[in-house]
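Visitor: Following this line is final-v4.tsv, made up of TSV, C-alpha atoms:
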```
chain	number	residue	atom	x	y	z
P	283	MET	CA	120.61	130.09	112.21
P	284	THR	CA	122.33	126.84	113.13
P	285	GLU	CA	124.96	125.20	110.95
P	286	LEU	CA	122.38	122.55	110.09
P	287	GLY	CA	119.97	125.25	108.97
P	288	ARG	CA	122.61	127.02	106.87
P	289	THR	CA	123.52	123.74	105.18
P	290	ALA	CA	119.87	123.03	104.40
P	291	LYS	CA	119.39	126.50	102.92
P	292	ARG	CA	122.25	125.97	100.50
P	293	ARG	CA	120.68	122.80	99.14
P	294	ARG	CA	118.20	122.58	96.30
P	295	ALA	CA	114.65	123.45	97.27
P	296	GLU	CA	113.05	121.22	94.62
P	297	PRO	CA	111.64	118.08	96.27
P	298	SER	CA	112.02	114.64	94.76
P	299	SER	CA	108.97	112.71	93.62
P	300	GLY	CA	110.47	109.71	95.35
P	301	CYS	CA	109.39	107.37	92.60
P	302	VAL	CA	112.80	105.98	91.70
P	303	ARG	CA	112.62	102.29	92.40
P	304	PRO	CA	115.23	100.75	94.71
P	305	GLU	CA	118.20	99.78	92.53
P	306	ARG	CA	116.03	99.05	89.49
P	307	ARG	CA	115.86	100.60	86.05
P	308	PHE	CA	114.49	97.75	83.91
P	309	VAL	CA	112.31	94.73	84.64
P	310	SER	CA	111.20	92.17	82.09
P	311	LEU	CA	108.35	89.98	83.30
P	312	VAL	CA	107.21	86.76	81.64
P	313	VAL	CA	103.61	86.00	82.59
P	314	ALA	CA	102.57	82.35	82.83
P	315	CYS	CA	99.38	82.79	80.81
P	316	GLY	CA	101.21	84.57	77.99
P	317	VAL	CA	104.12	86.90	77.47
P	318	ALA	CA	103.88	90.46	78.70
P	319	THR	CA	106.85	92.76	78.84
P	320	ALA	CA	106.71	95.61	81.32
P	321	ILE	CA	109.43	98.21	80.95
P	322	PHE	CA	109.91	100.63	83.81
P	323	GLY	CA	112.67	103.20	84.00
P	324	GLY	CA	113.32	106.72	85.18
P	325	CYS	CA	110.67	108.65	87.07
P	326	ARG	CA	107.16	108.94	85.66
P	327	ASP	CA	105.65	110.76	88.61
P	328	ALA	CA	107.50	114.04	88.25
P	329	SER	CA	105.64	115.56	85.32
P	330	SER	CA	102.32	116.00	87.12
P	331	SER	CA	103.76	117.20	90.42
P	332	GLY	CA	105.96	120.03	89.22
P	333	GLN	CA	109.05	118.25	90.47
P	334	SER	CA	112.44	117.67	88.91
P	335	THR	CA	112.78	114.72	86.57
P	336	ASP	CA	116.52	114.49	87.16
P	337	ALA	CA	116.66	111.02	88.71
P	338	THR	CA	120.41	111.30	89.29
P	339	ALA	CA	119.79	114.12	91.78
P	340	THR	CA	117.41	112.04	93.86
P	341	PRO	CA	118.83	111.02	97.25
P	342	PRO	CA	119.13	107.26	97.71
P	343	ARG	CA	116.69	105.13	99.63
P	344	ALA	CA	119.33	104.42	102.23
P	345	GLY	CA	119.97	104.70	105.96
P	346	ARG	CA	117.52	105.69	108.68
P	347	TYR	CA	116.05	108.48	106.57
P	348	GLY	CA	115.66	106.36	103.44
P	349	THR	CA	111.90	105.87	103.60
P	350	LEU	CA	111.34	109.65	103.66
P	351	ARG	CA	112.15	109.58	99.96
P	352	ASP	CA	109.17	107.31	99.28
P	353	PHE	CA	106.52	108.31	101.81
P	354	VAL	CA	103.18	109.07	100.11
P	355	LEU	CA	100.75	111.35	101.94
P	356	PHE	CA	97.21	110.00	102.25
P	357	GLU	CA	94.15	111.75	103.67
P	358	LEU	CA	91.95	109.11	105.32
P	359	ASP	CA	88.35	109.50	106.45
P	360	ARG	CA	87.56	109.53	110.15
P	361	PRO	CA	84.20	108.20	111.44
P	362	ASP	CA	83.09	111.78	112.10
P	363	GLY	CA	83.70	112.74	108.47
P	364	SER	CA	86.92	114.66	109.05
P	365	LEU	CA	90.25	113.71	107.52
P	366	ARG	CA	93.52	112.61	109.03
P	367	SER	CA	96.91	112.45	107.36
P	368	LEU	CA	98.97	109.30	107.04
P	369	PHE	CA	102.32	108.75	105.33
P	370	VAL	CA	102.53	105.35	103.61
P	371	ASP	CA	105.70	103.89	102.10
P	372	ARG	CA	105.51	103.67	98.32
P	373	PHE	CA	107.35	100.33	98.43
P	374	GLU	CA	107.39	97.21	100.54
P	375	VAL	CA	110.57	97.04	102.62
P	376	THR	CA	113.31	95.66	100.40
P	377	ARG	CA	116.13	93.28	101.12
P	378	GLY	CA	118.51	96.16	100.55
P	379	ASP	CA	116.67	98.17	103.22
P	380	TRP	CA	116.88	95.23	105.60
P	381	ARG	CA	120.57	94.57	105.06
P	382	GLU	CA	121.31	98.10	106.26
P	383	PHE	CA	119.08	97.63	109.31
P	384	ALA	CA	120.64	94.24	110.13
P	385	ALA	CA	124.06	95.91	110.39
P	386	THR	CA	122.87	98.37	113.09
P	387	ASP	CA	122.65	97.85	116.84
P	388	SER	CA	118.85	97.89	116.56
P	389	GLY	CA	118.95	95.15	113.94
P	390	ARG	CA	121.40	92.99	115.82
P	391	ALA	CA	119.23	93.24	118.94
P	392	VAL	CA	116.41	91.40	117.14
P	393	GLN	CA	118.63	89.06	115.09
P	394	ALA	CA	117.65	90.75	111.88
P	395	GLU	CA	120.36	88.91	110.00
P	396	HIS	CA	118.11	85.83	109.90
P	397	ALA	CA	115.59	87.43	107.54
P	398	ALA	CA	115.47	86.65	103.80
P	399	THR	CA	118.03	89.13	102.45
P	400	PHE	CA	119.84	87.09	99.79
P	401	GLY	CA	119.74	87.95	96.10
P	402	ASP	CA	118.50	91.13	94.44
P	403	ALA	CA	118.39	94.09	96.83
P	404	ALA	CA	115.10	95.24	95.24
P	405	LEU	CA	113.23	92.08	96.22
P	406	PRO	CA	110.90	92.44	99.24
P	407	VAL	CA	112.25	91.15	102.53
P	408	GLY	CA	110.64	88.07	104.06
P	409	LEU	CA	111.15	85.72	107.03
P	410	VAL	CA	110.48	88.62	109.39
P	411	SER	CA	108.69	88.27	112.73
P	412	LEU	CA	106.33	90.90	114.12
P	413	ARG	CA	108.93	92.08	116.63
P	414	GLN	CA	111.59	92.42	113.95
P	415	ALA	CA	109.16	94.27	111.69
P	416	ARG	CA	108.33	96.69	114.51
P	417	GLU	CA	111.98	97.42	115.21
P	418	PHE	CA	112.70	98.13	111.56
P	419	ALA	CA	109.72	100.50	111.40
P	420	VAL	CA	110.94	102.40	114.47
P	421	TRP	CA	114.44	102.61	112.98
P	422	ARG	CA	112.93	104.24	109.88
P	423	PHE	CA	110.85	106.67	112.05
P	424	GLY	CA	107.55	104.85	111.41
P	425	ARG	CA	105.38	101.99	112.58
P	426	LEU	CA	103.37	99.10	111.22
P	427	PRO	CA	99.88	99.99	109.99
P	428	ARG	CA	96.61	98.93	111.54
P	429	ALA	CA	94.52	96.76	109.25
P	430	GLU	CA	91.87	99.43	108.72
P	431	GLU	CA	94.55	101.98	107.76
P	432	TRP	CA	96.01	99.56	105.26
P	433	HIS	CA	92.64	98.80	103.66
P	434	ALA	CA	91.70	102.48	103.45
P	435	SER	CA	95.03	103.32	101.80
P	436	ALA	CA	95.13	100.33	99.48
P	437	ARG	CA	91.56	99.93	98.37
P	438	GLY	CA	89.61	103.12	98.96
P	439	ARG	CA	86.07	102.45	97.74
P	440	TYR	CA	86.97	99.49	95.53
P	441	ASN	CA	87.89	95.84	95.99
P	442	PHE	CA	91.40	96.39	94.65
P	443	PRO	CA	93.72	99.40	94.28
P	444	TRP	CA	93.08	99.55	90.52
P	445	GLY	CA	89.30	99.07	90.64
P	446	ALA	CA	86.47	96.65	91.31
P	447	LYS	CA	87.56	93.56	89.37
P	448	ALA	CA	90.28	91.00	90.01
P	449	ASP	CA	93.04	91.04	87.38
P	450	ALA	CA	95.83	88.46	87.48
P	451	THR	CA	98.19	90.62	85.41
P	452	ARG	CA	98.22	93.55	87.86
P	453	ALA	CA	99.82	91.85	90.88
P	454	ASN	CA	102.12	89.02	91.87
P	455	THR	CA	99.59	86.66	93.47
P	456	ALA	CA	98.78	82.98	93.02
P	457	GLU	CA	96.60	83.83	90.02
P	458	LEU	CA	99.68	85.03	88.12
P	459	GLY	CA	101.48	81.73	88.70
P	460	LEU	CA	105.05	82.91	89.32
P	461	PHE	CA	105.06	81.69	92.96
P	462	ALA	CA	108.14	83.76	93.77
P	463	PRO	CA	108.66	87.40	94.77
P	464	THR	CA	109.43	90.04	92.17
P	465	PRO	CA	111.36	93.31	92.64
P	466	VAL	CA	109.25	95.97	94.29
P	467	GLY	CA	107.69	98.42	91.86
P	468	THR	CA	107.32	95.91	89.02
P	469	PHE	CA	103.54	96.13	88.62
P	470	GLU	CA	102.84	99.65	87.41
P	471	SER	CA	99.20	98.86	86.59
P	472	GLY	CA	98.56	97.58	90.11
P	473	ARG	CA	98.68	101.03	91.71
P	474	ARG	CA	95.68	103.08	92.78
P	475	ALA	CA	94.26	105.26	90.03
P	476	LEU	CA	94.65	108.54	91.94
P	477	GLY	CA	97.25	110.15	89.76
P	478	HIS	CA	100.98	109.57	89.76
P	479	GLY	CA	103.07	108.59	92.77
P	480	GLN	CA	100.81	105.94	94.32
P	481	PRO	CA	102.29	102.96	96.21
P	482	TYR	CA	103.22	99.70	94.53
P	483	ASP	CA	102.46	96.10	95.51
P	484	PHE	CA	99.60	96.74	97.90
P	485	VAL	CA	98.34	93.50	96.38
P	486	GLY	CA	100.67	90.55	96.05
P	487	ASN	CA	104.44	90.08	96.14
P	488	VAL	CA	104.58	89.64	99.94
P	489	SER	CA	101.72	90.05	102.37
P	490	GLU	CA	102.25	92.69	105.04
P	491	TRP	CA	102.19	92.71	108.84
P	492	THR	CA	99.71	94.89	110.71
P	493	GLU	CA	99.28	95.59	114.43
P	494	THR	CA	95.62	94.52	114.40
P	495	VAL	CA	94.69	91.52	116.55
P	496	PRO	CA	91.80	89.58	114.97
P	497	VAL	CA	88.76	89.95	117.19
P	498	ASP	CA	87.49	86.43	116.55
P	499	TRP	CA	90.71	85.03	118.00
P	500	CYS	CA	89.74	86.24	121.47
P	501	MET	CA	85.98	85.63	121.38
P	502	SER	CA	84.24	83.27	123.75
P	503	ASP	CA	83.91	79.72	122.41
P	504	ASP	CA	80.18	79.86	123.10
P	505	ARG	CA	79.56	82.55	120.52
P	506	THR	CA	75.85	81.90	120.07
P	507	ALA	CA	75.03	82.37	123.74
P	508	SER	CA	77.51	85.18	124.21
P	509	SER	CA	76.30	87.16	121.24
P	510	LEU	CA	72.87	87.47	122.87
P	511	SER	CA	74.21	89.10	126.02
P	512	LEU	CA	74.70	92.80	126.65
P	513	GLU	CA	78.13	92.06	128.05
P	514	TYR	CA	79.16	90.46	124.79
P	515	SER	CA	77.84	93.34	122.70
P	516	VAL	CA	79.63	95.95	124.79
P	517	GLY	CA	82.80	93.87	124.85
P	518	HIS	CA	82.73	93.35	121.12
P	519	ARG	CA	82.50	97.09	120.43
P	520	LEU	CA	85.43	97.75	122.73
P	521	ALA	CA	87.41	94.92	121.18
P	522	VAL	CA	86.98	96.28	117.66
P	523	ALA	CA	88.14	99.71	118.84
P	524	SER	CA	91.31	98.33	120.43
P	525	PRO	CA	94.16	97.75	117.94
P	526	ALA	CA	96.30	96.04	120.59
P	527	LEU	CA	93.72	93.68	122.06
P	528	ALA	CA	95.15	90.40	123.27
P	529	VAL	CA	92.68	88.82	125.69
P	530	TRP	CA	88.93	89.23	125.76
P	531	GLN	CA	86.42	87.08	127.60
P	532	PRO	CA	83.31	87.67	129.72
P	533	LEU	CA	84.27	87.26	133.36
P	534	PRO	CA	81.84	86.05	136.04
P	535	GLY	CA	80.63	87.93	139.08
P	536	LEU	CA	81.29	91.62	139.56
P	537	LEU	CA	84.46	91.76	137.48
P	538	PRO	CA	84.44	93.75	134.20
P	539	ALA	CA	83.30	91.96	131.08
P	540	LEU	CA	86.39	93.04	129.16
P	541	THR	CA	90.05	92.26	129.77
P	542	ALA	CA	92.43	93.94	127.33
P	543	VAL	CA	96.23	94.04	127.48
P	544	VAL	CA	98.98	95.14	125.13
P	545	PRO	CA	100.38	91.82	123.95
P	546	GLN	CA	104.09	91.11	123.78
P	547	SER	CA	103.80	87.37	123.35
P	548	ALA	CA	104.81	85.92	120.00
P	549	ALA	CA	101.83	83.58	120.36
P	550	VAL	CA	99.31	86.39	119.80
P	551	PRO	CA	98.16	86.54	116.16
P	552	ARG	CA	97.97	89.60	113.95
P	553	VAL	CA	96.04	90.36	110.79
P	554	VAL	CA	98.31	90.03	107.75
P	555	VAL	CA	97.05	91.82	104.63
P	556	GLY	CA	97.48	92.13	100.89
P	557	ALA	CA	97.81	88.54	99.60
P	558	ASP	CA	101.21	87.35	98.31
P	559	PHE	CA	102.96	85.37	95.60
P	560	GLN	CA	101.49	82.11	96.95
P	561	SER	CA	97.98	83.21	97.94
P	562	PRO	CA	95.07	84.43	95.79
P	563	MET	CA	93.70	87.95	95.58
P	564	LEU	CA	90.21	86.47	95.26
P	565	ARG	CA	88.65	83.44	96.93
P	566	ILE	CA	86.29	82.37	94.17
P	567	LYS	CA	83.96	80.16	96.23
P	568	THR	CA	83.25	82.79	98.85
P	569	GLN	CA	83.92	85.87	96.67
P	570	VAL	CA	86.21	87.34	99.36
P	571	TYR	CA	88.50	89.98	97.90
P	572	LEU	CA	92.02	90.34	99.31
P	573	PRO	CA	91.39	87.89	102.16
P	574	ASP	CA	93.22	88.68	105.38
P	575	GLU	CA	95.27	86.02	107.16
P	576	HIS	CA	95.86	85.52	110.87
P	577	VAL	CA	99.52	84.87	111.65
P	578	LEU	CA	101.18	84.40	115.03
P	579	GLY	CA	103.50	87.26	115.92
P	580	GLY	CA	106.48	84.94	116.22
P	581	ASP	CA	106.02	83.31	112.82
P	582	ARG	CA	108.56	84.11	110.12
P	583	ARG	CA	107.24	83.39	106.64
P	584	ASP	CA	109.08	84.03	103.39
P	585	ARG	CA	105.83	85.38	101.93
P	586	THR	CA	105.16	87.96	104.67
P	587	GLY	CA	107.00	91.26	104.73
P	588	ILE	CA	106.56	94.88	105.76
P	589	ARG	CA	105.23	98.25	104.65
P	590	ILE	CA	105.65	101.07	107.14
P	591	VAL	CA	103.45	104.08	107.83
P	592	ALA	CA	103.57	107.16	110.08
P	593	GLU	CA	101.13	109.85	111.06
P	594	PRO	CA	102.68	113.33	110.81
P	595	ALA	CA	102.64	113.72	114.61
P	596	GLU	CA	104.39	110.38	115.08
P	597	LEU	CA	106.99	111.19	112.47
P	598	VAL	CA	107.72	114.68	113.80
P	599	ALA	CA	108.09	113.34	117.36
P	600	ALA	CA	110.47	110.60	116.22
P	601	LEU	CA	112.61	113.03	114.22
P	602	CYS	CA	112.76	115.53	117.08
P	603	ALA	CA	114.07	112.78	119.37
P	604	VAL	CA	117.13	112.09	117.16
P	605	GLU	CA	120.29	113.00	119.05
P	606	VAL	CA	122.81	112.73	116.22
P	607	ALA	CA	123.10	115.40	113.52
P	608	PRO	CA	122.22	114.07	110.06
P	609	THR	CA	124.85	113.59	107.41
P	610	ALA	CA	124.78	115.63	104.21
P	611	ILE	CA	122.81	112.94	102.37
P	612	GLU	CA	120.39	112.55	105.29
P	613	LEU	CA	119.85	116.29	105.38
P	614	GLU	CA	119.10	116.24	101.65
P	615	GLN	CA	116.53	113.52	102.29
P	616	LEU	CA	114.94	115.63	105.02
P	617	VAL	CA	114.91	118.82	102.94
P	618	ARG	CA	113.24	117.18	99.98
P	619	PHE	CA	110.72	115.37	102.17
P	620	VAL	CA	109.59	118.49	104.03
P	621	ARG	CA	109.38	120.57	100.87
P	622	ARG	CA	107.37	118.08	98.87
P	623	ARG	CA	103.95	119.37	97.95
P	624	GLY	CA	101.46	118.97	100.80
P	625	HIS	CA	104.03	117.72	103.29
P	626	ARG	CA	105.01	121.01	104.88
P	627	ALA	CA	101.42	121.88	105.88
P	628	ALA	CA	100.77	118.44	107.41
P	629	LEU	CA	104.08	118.42	109.26
P	630	ALA	CA	103.69	122.02	110.46
P	631	ARG	CA	100.30	121.21	112.02
P	632	ALA	CA	101.83	118.23	113.79
P	633	PHE	CA	104.82	120.25	114.94
P	634	ARG	CA	102.63	122.95	116.49
P	635	GLU	CA	100.74	120.28	118.44
P	636	LEU	CA	103.94	118.74	119.80
P	637	PRO	CA	104.73	119.81	123.40
P	638	ALA	CA	107.15	122.74	123.32
P	639	GLU	CA	109.77	120.92	125.38
P	640	ARG	CA	110.01	118.19	122.72
P	641	ARG	CA	110.31	120.37	119.61
P	642	GLY	CA	113.95	121.37	119.73
P	643	MET	CA	115.41	118.61	121.82
P	644	GLY	CA	117.87	117.45	119.15
P	645	PRO	CA	119.66	118.69	116.01
P	646	VAL	CA	116.84	117.55	113.70
P	647	GLY	CA	114.26	119.06	116.04
P	648	SER	CA	116.08	122.39	115.88
P	649	TRP	CA	116.10	122.25	112.10
P	650	LEU	CA	112.38	121.38	112.01
P	651	GLN	CA	111.73	124.34	114.33
P	652	GLN	CA	113.25	126.61	111.69
P	653	GLN	CA	111.34	124.97	108.85
P	654	LEU	CA	107.94	124.40	110.48
P	655	GLY	CA	107.74	126.71	113.46
P	656	PRO	CA	105.63	129.90	113.55
```
Output the file's structure in the form of structure tokens.

Guide:
Amino acid sequence: MTELGRTAKRRRAEPSSGCVRPERRFVSLVVACGVATAIFGGCRDASSSGQSTDATATPPRAGRYGTLRDFVLFELDRPDGSLRSLFVDRFEVTRGDWREFAATDSGRAVQAEHAATFGDAALPVGLVSLRQAREFAVWRFGRLPRAEEWHASARGRYNFPWGAKADATRANTAELGLFAPTPVGTFESGRRALGHGQPYDFVGNVSEWTETVPVDWCMSDDRTASSLSLEYSVGHRLAVASPALAVWQPLPGLLPALTAVVPQSAAVPRVVVGADFQSPMLRIKTQVYLPDEHVLGGDRRDRTGIRIVAEPAELVAALCAVEVAPTAIELEQLVRFVRRRGHRAALARAFRELPAERRGMGPVGSWLQQQLGP
């Protein structure tokens, strides 16, 4: 057994529920249409999950491993009816999260210090470009979601996380009238009704970047004529299936009807989801619920932030590639994450599917081999 493994074994086996909000214990919210006081403190999720309620023992949401504390495991439907696992951060990325990232080499490489990080560390970060958002996600062992993943996680079968009807008191959107961000985790009633531990602020606060390129951005201008052609129909199906589509147009002659590239240009738009403190959750005239926005990758808006996700295979591969042994706190974060209910099985499946030469390539990979290997 390696020293890392022996250290892990000595630590508590009880996983954290991960529901402790970043640097918050009490929030008092005055609603424009009346006065409503929402008091949030401690950890409400522990009682139903068989986990410790000792919030003081919970590792901090800090450093590269910080999001592991708050990853929620979702099982999403595939088109063939099977399920796939996806970890989704319980919180939008906070200004405290971002300050730590901005002080790293990865953060400095993308000028992360220019994001909105002033004030309360529990406020969501804003003024973040797509490239900066990507780099933060990689630093925290994740990625940005695709729009369809976000909608499946946030809404399920309903229009909103909490149900079918719009409700101005459940989220920080234009309907509420605050027109400023609130600390993440403020709106308890805005979570999905799937038991305890669901993510906060899927709706409102800040909207969230995705990697999805809007298909209508790259359609032919002559949509009426093009939509009647077989080339257009085939191209459209391929475009919808490509999360990194940048250019699509029917080409003349014998050339293919589809041209798709992975875009790096900041001038390529992405779908931004979830509404925010300045935009509505419902467009009344058109009855569009949680309308998406199209934002250029290089734009930095104070009302657009980040929520990161990771499939188990992506997360295991990223952890195995780490070359530096984790600190004691980081190891505690790892131990609790792996041992949380449902996580070990999902991670073990992903670990078995990882090529053998990549499993034990670093100190974390060696530890995962002990925890998840056959």

Visitor: Please identify all polymer residues within 8 Å of range 625-629 of chain P, counting only C-alpha atoms, omitting same-chain residues fewer than 5 positions from it, and present them as a PyMOL selection string.

Guide: chain P and resi 355+367+594-595+598+619-620+654

Visitor: Can you pull out every residue within 8 Å of range 647-651 of chain P, counting only C-alpha atoms, but drop anything in the same chain fewer than 2 positions away, and send it as a list of chain:residue names?

Guide: P:Thr284, P:Leu286, P:Gly287, P:Leu601, P:Cys602, P:Ala603, P:Val604, P:Arg640, P:Arg641, P:Gly642, P:Met643, P:Gly644, P:Pro645, P:Gln653, P:Leu654, P:Gly655

Visitor: What is the distance between CA of Gly580 in chain P and CA of Gln414 in chain P, in Å to one decimal?

Guide: 9.3 Å

Visitor: Excluding Leu350 in chain P and residues on its chain fewer than 5 positions from it, collect all residues at most 10 Å away from it, counting only C-alpha atoms, and give them as a list of chain:residue names.

Guide: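 In the requested form, the answer reads P:Gly300, P:Pro341, P:Arg343, P:Ala344, P:Phe369, P:Val370, P:Asp371, P:Arg372, P:Arg422, P:Phe423, P:Gly424, P:Leu597, P:Glu612, P:Gln615, P:Leu616, P:Val617, P:Arg618, P:Phe619, P:Val620.
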
Visitor: One decimal, Å: what's the distance from CA of Gln560 in chain P over to CA of Ala456 in chain P, could you say?

Guide: 4.9 Å

Visitor: In Å to one decimal, how far is CA of Arg452 in chain P from CA of Phe469 in chain P?

Guide: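 We find that CA of Phe469 in chain P and CA of Arg452 in chain P lie 6.0 Å from each other.
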
Visitor: Taking all atoms listed in the file into account, which of P:Gly587, P:Pro637, P:Gly479, P:Gly472 comes nearest Thr399 in chain P?

Guide: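 The closest residue to Thr399 in chain P is P:Gly587.
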
Visitor: Please give the centre and size of the box around range 341-360 of chain P (axis-aligned, containing every atom listed in the file, 8 Å added per side), with values in Å to one decimal and written as AutoDock Vina command-line options.

Guide:
```
--center_x 103.8 --center_y 108.1 --center_z 103.7 --size_x 48.4 --size_y 23.3 --size_z 28.9
```

Visitor: So which one's closest to Arg366 in chain P, P:Ala592, P:Ala403, P:Leu460, P:Ala384? Using all atoms listed in the file, please.

Guide: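 Looking at the shortest contact to Arg366 in chain P, the residue is P:Ala592.
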
Visitor: Of the candidates P:Ala450, P:Ala475, P:Ala419, P:Val407, which one gets nearest to Val488 in chain P if we count all atoms listed in the file?

Guide: P:Val407

Visitor: What lies within 6 Å of range 428-432 of chain P using all atoms listed in the file, ignoring chain neighbours under 6 positions off, as a PyMOL selection string?

Guide: chain P and resi 492-494

Visitor: Given the choices P:Gly486, P:Thr376, P:Glu639, P:Ala434, which gets closest to Glu357 in chain P if the distance is worked out from all atoms listed in the file?

Guide: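 The closest residue to Glu357 in chain P is P:Ala434.
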
Visitor: With all atoms listed in the file as the basis for distance, which of P:Val577, P:Ala394, P:Val570, P:Val375 is at the shortest distance from Asn441 in chain P?

Guide: P:Val570
